[in-house]
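Below: target-v5.cif (mmCIF, C-alpha atoms)
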```
data_my_file
loop_
_atom_site.label_atom_id
_atom_site.label_comp_id
_atom_site.auth_asym_id
_atom_site.auth_seq_id
_atom_site.Cartn_x
_atom_site.Cartn_y
_atom_site.Cartn_z
CA MET A 895 163.62 65.89 -21.20
CA GLU A 896 163.66 69.57 -20.31
CA LEU A 897 163.13 70.44 -23.99
CA ILE A 898 159.67 68.89 -23.98
CA GLY A 899 158.77 70.08 -20.47
CA SER A 900 159.15 66.79 -18.60
CA SER A 901 161.54 66.02 -15.75
CA TYR A 902 163.00 63.02 -13.93
CA LYS A 903 164.37 62.52 -10.43
CA GLY A 904 165.76 59.14 -9.56
CA ASP A 905 168.17 56.35 -10.39
CA THR A 906 169.90 56.13 -13.78
CA LYS A 907 172.06 53.64 -15.59
CA ASN A 908 174.06 54.55 -18.70
CA GLY A 909 172.25 57.90 -18.84
CA ARG A 910 168.77 56.31 -18.90
CA MET A 911 166.07 56.04 -16.24
CA ASP A 912 166.72 52.78 -14.40
CA GLY A 913 165.68 51.80 -10.86
CA LYS A 914 163.26 53.85 -8.74
CA GLY A 915 162.29 57.34 -9.77
CA GLU A 916 159.72 60.03 -10.43
CA TYR A 917 158.95 61.13 -14.00
CA THR A 918 156.85 64.29 -14.44
CA PHE A 919 155.06 64.90 -17.76
CA PRO A 920 154.49 68.43 -19.16
CA THR A 921 150.81 68.01 -18.16
CA GLU A 922 151.89 67.68 -14.48
CA THR A 923 150.96 63.98 -14.44
CA LYS A 924 153.59 62.16 -12.37
CA TYR A 925 154.78 58.57 -12.51
CA GLU A 926 156.39 57.23 -9.34
CA GLY A 927 157.85 53.77 -9.41
CA GLU A 928 160.27 51.39 -11.03
CA MET A 929 162.05 52.04 -14.34
CA LYS A 930 164.16 49.92 -16.66
CA ASP A 931 166.10 51.03 -19.73
CA GLY A 932 164.29 54.39 -19.88
CA MET A 933 160.76 52.93 -19.58
CA PHE A 934 158.20 52.29 -16.85
CA HIS A 935 158.92 48.74 -15.74
CA GLY A 936 157.71 47.04 -12.54
CA LYS A 937 155.33 48.54 -10.01
CA GLY A 938 154.40 52.20 -10.41
CA VAL A 939 151.67 54.78 -9.97
CA LEU A 940 150.52 57.55 -12.32
CA HIS A 941 149.24 60.53 -10.30
CA PHE A 942 147.00 62.86 -12.34
CA PRO A 943 146.66 66.61 -11.62
CA ASN A 944 142.96 66.21 -10.70
CA GLY A 945 143.88 63.85 -7.83
CA SER A 946 143.05 60.53 -9.49
CA LYS A 947 145.65 57.79 -9.85
CA TYR A 948 146.42 54.64 -11.83
CA GLU A 949 148.40 51.95 -10.01
CA ALA A 950 149.85 49.28 -12.29
CA THR A 951 152.46 46.70 -13.05
CA TRP A 952 154.37 47.79 -16.15
CA GLU A 953 156.41 45.87 -18.72
CA ASN A 954 158.62 47.87 -21.06
CA GLY A 955 156.42 50.96 -20.82
CA ILE A 956 153.08 49.14 -21.13
CA ALA A 957 150.64 48.71 -18.22
CA LYS A 958 149.90 44.99 -17.92
CA GLN A 959 147.62 45.04 -14.90
CA GLY A 960 146.29 48.00 -12.94
CA SER A 961 143.53 49.81 -11.16
CA PHE A 962 142.18 53.35 -11.49
CA THR A 963 141.03 55.38 -8.48
CA PHE A 964 139.15 58.66 -8.94
CA ALA A 965 140.10 61.76 -6.93
CA ASP A 966 137.18 61.22 -4.54
CA GLY A 967 138.32 57.67 -3.69
CA LEU A 968 135.93 55.75 -5.95
CA GLN A 969 137.75 52.79 -7.46
CA TYR A 970 136.86 51.81 -11.03
CA GLN A 971 135.66 48.21 -11.44
CA GLU A 972 135.81 46.62 -14.85
CA LYS A 973 133.10 44.08 -13.98
CA ASP A 974 129.89 44.63 -12.02
CA TRP A 975 130.29 48.43 -12.18
CA ASP A 976 127.19 49.80 -10.46
CA TYR A 977 128.20 53.42 -10.00
CA CYS A 978 126.08 55.98 -11.86
CA ASP A 979 124.07 53.42 -13.82
CA GLY A 980 120.51 53.91 -15.05
CA TYR A 981 119.07 52.96 -11.66
CA ASP A 982 121.32 54.85 -9.26
CA ARG A 983 122.43 58.35 -10.31
CA ARG A 984 123.84 59.50 -6.94
CA PHE A 985 127.24 61.13 -6.68
CA TYR A 986 129.92 59.01 -5.02
CA SER A 987 129.97 61.33 -1.99
CA GLU A 988 126.21 60.78 -1.64
CA ARG A 989 126.74 57.02 -1.72
CA CYS A 990 129.33 57.35 1.06
CA ASN A 991 127.66 60.05 3.19
CA GLY A 992 123.95 59.71 2.35
CA LEU A 993 121.56 62.04 0.57
CA ARG A 994 121.14 65.68 1.60
CA PRO A 995 117.83 66.78 3.18
CA ALA A 996 114.95 67.84 0.93
CA GLY A 997 115.56 71.28 -0.56
CA GLU A 998 119.35 70.95 -0.28
CA SER A 999 119.98 68.92 -3.41
CA GLN A 1000 123.58 68.20 -4.27
CA LEU A 1001 124.43 69.50 -7.77
CA THR A 1002 128.05 68.29 -7.92
CA ASP A 1003 130.12 65.68 -6.11
CA LEU A 1004 131.48 68.55 -3.98
CA HIS A 1005 129.22 70.06 -1.36
CA PRO A 1006 129.04 72.98 -1.28
CA PRO A 1007 129.96 73.29 -4.98
CA ARG A 1008 132.73 75.61 -6.16
CA LEU A 1009 131.75 79.23 -6.83
CA ILE A 1010 131.57 79.86 -10.56
CA PRO A 1011 133.12 83.13 -11.83
CA ASP A 1012 130.67 85.63 -13.31
CA GLY A 1013 129.78 84.78 -16.94
CA CYS A 1014 131.65 81.45 -16.91
CA TYR A 1015 130.64 77.80 -17.10
CA ASP A 1016 131.74 74.89 -14.89
CA CYS A 1017 133.30 72.17 -17.06
CA GLY A 1018 134.46 69.79 -14.32
CA ASP A 1019 138.20 70.37 -14.43
CA GLY A 1020 137.88 74.15 -14.52
CA PHE A 1021 135.85 77.09 -15.84
CA TYR A 1022 135.10 77.99 -19.46
CA ASP A 1023 134.96 81.71 -20.26
CA PRO A 1024 133.02 82.28 -23.52
CA ASN A 1025 134.52 85.78 -23.93
CA THR A 1026 138.13 84.59 -24.02
CA ARG A 1027 137.28 81.02 -25.21
CA VAL A 1028 139.72 79.68 -22.61
CA VAL A 1029 139.35 76.99 -19.94
CA THR A 1030 141.20 77.70 -16.71
CA SER A 1031 141.60 75.46 -13.66
CA HIS A 1032 139.65 76.15 -10.48
CA THR A 1033 142.75 77.94 -9.22
CA GLY A 1034 143.00 80.15 -12.35
CA ARG A 1035 145.79 78.28 -14.17
CA PHE A 1036 145.44 78.05 -18.00
CA LEU A 1037 144.28 74.58 -19.13
CA ARG A 1038 143.36 74.88 -22.82
CA ASN A 1039 141.91 77.02 -25.57
CA ALA A 1040 138.28 76.25 -26.35
CA GLY A 1041 136.60 75.90 -29.72
CA THR A 1042 138.32 72.58 -30.34
CA PHE A 1043 137.35 69.04 -29.52
CA VAL A 1044 137.78 68.14 -25.86
CA ARG A 1045 136.95 65.16 -23.66
CA VAL A 1046 133.89 65.67 -21.49
CA GLY A 1047 133.16 62.55 -19.48
CA VAL A 1048 133.39 59.62 -21.86
CA LYS A 1049 132.32 61.58 -24.95
CA THR A 1050 134.29 63.94 -27.14
CA GLU A 1051 132.27 67.06 -27.89
CA PHE A 1052 132.76 70.41 -29.60
CA ILE A 1053 133.17 72.77 -26.67
CA ALA A 1054 131.90 75.97 -28.30
CA SER A 1055 128.50 74.48 -29.13
CA TRP A 1056 128.16 71.97 -26.29
CA LEU A 1057 129.17 73.73 -23.10
CA PRO A 1058 126.98 76.83 -22.88
CA SER A 1059 123.62 75.03 -22.90
CA ARG A 1060 124.64 72.16 -20.61
CA MET A 1061 127.06 73.43 -17.99
CA ARG A 1062 126.42 74.87 -14.53
CA THR A 1063 126.63 78.63 -14.48
CA ALA A 1064 126.88 81.17 -11.69
CA ARG A 1065 123.23 82.20 -12.13
CA MET A 1066 121.97 78.60 -12.03
CA MET A 1067 123.83 78.21 -8.73
CA GLY A 1068 122.44 81.49 -7.37
CA HIS A 1069 125.92 83.07 -7.24
CA ARG A 1070 125.73 85.95 -9.74
CA ALA A 1071 124.09 86.96 -13.00
CA ASP A 1072 125.32 85.35 -16.21
CA PRO A 1073 124.45 85.13 -19.92
CA PRO A 1074 121.35 83.14 -20.99
CA SER A 1075 121.71 79.43 -20.33
CA GLN A 1076 119.51 76.41 -20.84
CA ARG A 1077 117.04 77.99 -18.40
CA GLY A 1078 116.78 81.07 -20.59
CA ARG A 1079 116.35 79.07 -23.79
CA LEU A 1080 113.49 77.00 -22.35
CA LEU A 1081 111.69 80.12 -21.15
CA GLN A 1082 112.26 81.90 -24.50
CA ARG A 1083 110.67 78.96 -26.35
CA GLY A 1084 107.54 79.37 -24.24
CA LYS A 1085 107.98 76.17 -22.27
CA ARG A 1086 106.72 76.39 -18.71
CA LYS A 1087 109.39 74.18 -17.14
CA VAL A 1088 111.44 76.27 -14.73
CA LEU A 1089 114.95 75.04 -14.04
CA PRO A 1090 116.61 75.78 -10.68
CA MET A 1091 118.66 78.97 -10.48
#
```

Could you render the structure as structure tokens?
Amino acid sequence: MELIGSSYKGDTKNGRMDGKGEYTFPTETKYEGEMKDGMFHGKGVLHFPNGSKYEATWENGIAKQGSFTFADGLQYQEKDWDYCDGYDRRFYSERCNGLRPAGESQLTDLHPPRLIPDGCYDCGDGFYDPNTRVVTSHTGRFLRNAGTFVRVGVKTEFIASWLPSRMRTARMMGHRADPPSQRGRLLQRGKRKVLPM
């Protein structure tokens, strides 16, 4: 396991994971629960680095029944999902705590939002720096090289062409100056629409 960057703490039988234990993947995702013959088997929870979790009943390494809970506490519902549909675009924290007063719009699920480093773009799980073409976590830990396909929400997009025109930047948030963004492109094209800074 150490060769591929994963680790295991817990019960074993014949040199294999068996009983209760904690398996940590190289991505820092952790499984805590029951094991059998080296596989997830029984009740267990996958804890993801962003704070979300997947609780499930497993059979021979396959999740048979489970539920996903986002880091902010929102629980995914397979049927009758009414969060962020075409009629209600509020953040989950706004649904729980109410809307902010006029003039204090909430731009992310966090309020106040994280400060964006100068010249970088907020991509949800971290910051994209177009100079180094690297995405780092909000704490500065390396996440991935950019310029390849990455998951953004439920779509897979090409980060080098997609992020700069669509992501929050320090200047948009009023933090610091940054390179031209969507705001700059609209003004350069002669359109009068002014986006918030």

Contacts of Gly955 (chain A) at 7 Å (all atoms listed in the file; same-chain gap of 6+ positions) as a short mmCIF file (atom, residue, chain, number, x, y, z; two decimals) with C-alpha atoms, keeping the file's coordinate frame:
```cif
data_model
loop_
_atom_site.label_atom_id
_atom_site.label_comp_id
_atom_site.auth_asym_id
_atom_site.auth_seq_id
_atom_site.Cartn_x
_atom_site.Cartn_y
_atom_site.Cartn_z
CA MET A 933 160.76 52.93 -19.58
CA PHE A 934 158.20 52.29 -16.85
CA HIS A 935 158.92 48.74 -15.74
#
```

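Here CA of Ser987 (chain A) and CA of Arg1035 (chain A) stand 26.2 Å from one another.
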
Worksheet item: Any chance you could work out the residue set of the PyMOL selection byres ((chain A and resi 1000) around 12) here, as a PyMOL selection string?
Response: chain A and resi 983-989+991-999+1001-1008+1067

Worksheet item: So how far away is CA of Asp931 (chain A) from CA of Glu953 (chain A), in Å?
Response: 11.0 Å

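The coordinates place CA of Phe962 (chain A) at 28.0 Å from CA of Thr906 (chain A).
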
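What the PyMOL selection byres ((chain A and resi 926) around 9) grabs from this file is Lys914, Gly915, Glu916, Tyr917, Thr918, Lys924, Tyr925, Gly927, Glu928, Lys937, Gly938, Val939, Leu940 and His941 of chain A.
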
Item to complete: Identify all residues satisfying the PyMOL selection byres ((chain A and resi 1031) around 10) in the given file; provide them as a ChimeraX atom specification.
Response: /A:944,1016-1022,1029-1030,1032-1038
